[in-house]
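Comments concern the structure below.
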Amino acid sequence: MKYLNSKEVANILGINISTLKRWTDNGTIKCKKTPGGHRKFTMQHVREYYKNNKESGKNFGAVLDTVDHKEIYNFIKNNDFDSLTQRLAETSILSDDLSVNTIIRSSYMSGYPVADIFDKIIEPASDIVENWLNSKSISHIEEYISRKLITRGIETLNQDKPNGTYNGKAALCINFEDDLPDLGIAMSEVVLRHCGYNVFNSGSHAELGSLKTIIKKEKIDTLIFYLCDRQCCRATSLNNLKKTGNQVIEIVNTLQNSEILIIFGGEGLKHLDKFPKERVETFNSYKELHSIV
């Protein structure tokens with residue numbers, strides 16, 4: 001788990017160290033203390049502070065490195081999702097990991113629900129990048145770079161929700177495409193963890209025999225599969241649709257008499273001819289996924 005120190009959090013909140021100490025003592029903001037008395041904070045602690053103090057100014061000064069980043073914080077403060085989306089698209093294809101992480105982490109710390117971050121910022125930014133690719137403004141490699149960088153940023157949101165027993169349920173997340181940045185399933189994992197699930201993420205699709213083993217061993221309650229429909233995935237997935245479709249049928253048939261909740265997400269599902277919609281739950285937005293679980 002990644003921790004912030006007192007100086008970083010004081011800068012984020014726009015206060016001095018002595019005020020931060022007083023706030024931790026009176027419960028205004030929570031923290032963890034080491035045996036030596038040092039205060040350690042997580043993104044979740046800052047997030048909870050802003051959720052409980054909606055009138056406080058969102059300074060986020062700890063990472064105000066450039067004019068561009070100051071603009072990002074203003075976008076967040078003003079709920080300017082269109083500008084956040086555009087900026088994320090632009091910085092991700094440039095492999096500007098500092099700006100990408102600033103957008104994702106600061107949106108999270110400001111109190112945005114993770115489903116809103118994904119539905120209102122990440123997915124629209126990915127659509128912008130896809131449109132650039134379709135118009136040949138960027139190359140396929142630039143789209144791969146964008147998705148990989150955004151995926152890494154999203155995975156940091158799991159740091160404050162480590163696996164453990166929260167709601168007593170366990171989920172297994174699986175991506176159908178091979179050797180691709182699994183952005184959709186990474187976002188699914190974050191939503192599940194924030195709903196209290198213990199999550200196992202296999203990334204690219206595993207063999208069915210392996211699924212049976214881990215389902216039994218880890219007492220899996222929920223299976224989530226994701227099939228993307230963007231160009232970077234389509235080149236692989238459409239060539240293997242028959243195989244993917246057969247895997248879907250086999251998985252559902254194998255588990256139909258169990259109490260395991262099976263969920264399929266992603267626009268790519270429309271390409272499956274024999275998709276058993278009546279026997280599984282489906283989602284296209286992460287708000288829908290949150291409501292299912």
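Simple scheme: letters A, B, ... for chains in structure tokens order, numbers from 1 for residues in each chain, numbers from 1 for ligands in the order shown.
For range 157-229 of chain A, a DSSP pass over the backbone yields helix (DSSP H, G or I) at Leu157, Asn158, Leu183, Gly184, Ile185, Ala186, Met187, Ser188, Glu189, Val190, Val191, Leu192, Arg193, His194, Leu208, Gly209, Ser210, Leu211, Lys212, Thr213, Ile214, Ile215, Lys216 and Lys217 of chain A.
Using only C-alpha atoms, the residues found no farther than 10 Å from Glu90 in chain A, other than those of its own chain fewer than 4 positions away, are A:Leu84, A:Thr85, A:Gln86, A:Leu94, A:Ser95, A:Asp96, A:Ser99, A:Val100, A:Ala125, A:Ile128, A:Val129, A:Ser146.
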Discussion item. Which residues are close to Val252 in chain A, i.e. within 8 Å by only C-alpha atoms, leaving aside same-chain residues fewer than 6 positions away? Reply as a list in words.
Written reply: Ile262, Pro276, Arg279 and Val280 of chain A
Write the selection just made, keeping C-alpha atoms, as a PDB file, in the first residue's frame?
ATOM      1  CA  ILE A 262     -21.577 -14.626 -14.047  1.00  0.00           C
ATOM      2  CA  PRO A 276     -26.642 -16.600 -23.532  1.00  0.00           C
ATOM      3  CA  ARG A 279     -28.406 -16.683 -18.118  1.00  0.00           C
ATOM      4  CA  VAL A 280     -25.874 -13.990 -17.231  1.00  0.00           C
TER       5      VAL A 280
END
Practice prompt. Point out the residue among A:Thr42, A:Asn246, A:Asn175, A:Ser126 with the least atom-to-atom distance to Gly268 in chain A, counting only C-alpha atoms.
Written response: A:Asn175
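Using only C-alpha atoms, the shortest contact distance between Arg152 in chain A and any of A:Asn284, A:Ala186, A:Tyr108, A:His140 is found at A:Ala186.
DSSP secondary structure from the backbone places Ala170, Ala171, Leu172, Cys173, Ile174 and Asn175 of chain A of range 105-193 of chain A in strand (DSSP E or B).
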Create the file for the chosen residues now, containing N, CA and C atoms and written as a compact mmCIF listing (two decimals), in the first residue's frame.
# COMPACT_ATOMS: atom_id res chain seq x y z
N ALA A 170 -15.77 -13.33 -3.10
CA ALA A 170 -14.56 -13.33 -3.92
C ALA A 170 -14.94 -13.32 -5.38
N ALA A 171 -14.19 -12.59 -6.19
CA ALA A 171 -14.48 -12.48 -7.62
C ALA A 171 -13.24 -12.81 -8.43
N LEU A 172 -13.47 -13.37 -9.62
CA LEU A 172 -12.40 -13.65 -10.57
C LEU A 172 -12.66 -12.85 -11.83
N CYS A 173 -11.68 -12.01 -12.22
CA CYS A 173 -11.80 -11.16 -13.41
C CYS A 173 -10.95 -11.72 -14.53
N ILE A 174 -11.54 -11.84 -15.72
CA ILE A 174 -10.83 -12.44 -16.85
C ILE A 174 -11.07 -11.64 -18.11
N ASN A 175 -10.01 -11.41 -18.88
CA ASN A 175 -10.11 -10.72 -20.16
C ASN A 175 -10.07 -11.75 -21.28
Worksheet item: Quick one: of A:Thr102, A:Ile263, A:Phe200, A:Lys136, who's nearest to Lys70 in chain A, counting only C-alpha atoms?
Response: A:Thr102
Worksheet entry | Residue contacts of range 43-46 of chain A (8 Å, only C-alpha atoms) excluding same-chain residues fewer than 3 positions away, as an NGL selection string | :A and (3-4 or 9 or 29-31 or 49-50 or 105 or 108-110 or 160)
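Of the residues under consideration (A:Glu189, A:Asp221, A:Glu142, A:Glu267), A:Glu189 shows the shortest atom-to-atom contact distance to Ile154 in chain A when counting only C-alpha atoms.
A straight line drawn from CA of Asn167 in chain A to CA of Gly203 in chain A is 23.1 Å long.
Considering the residues A:Ile104, A:Ile138, A:Val191, A:Val248 and counting only C-alpha atoms, Lys277 in chain A has its shortest atom-to-atom contact with A:Val248.
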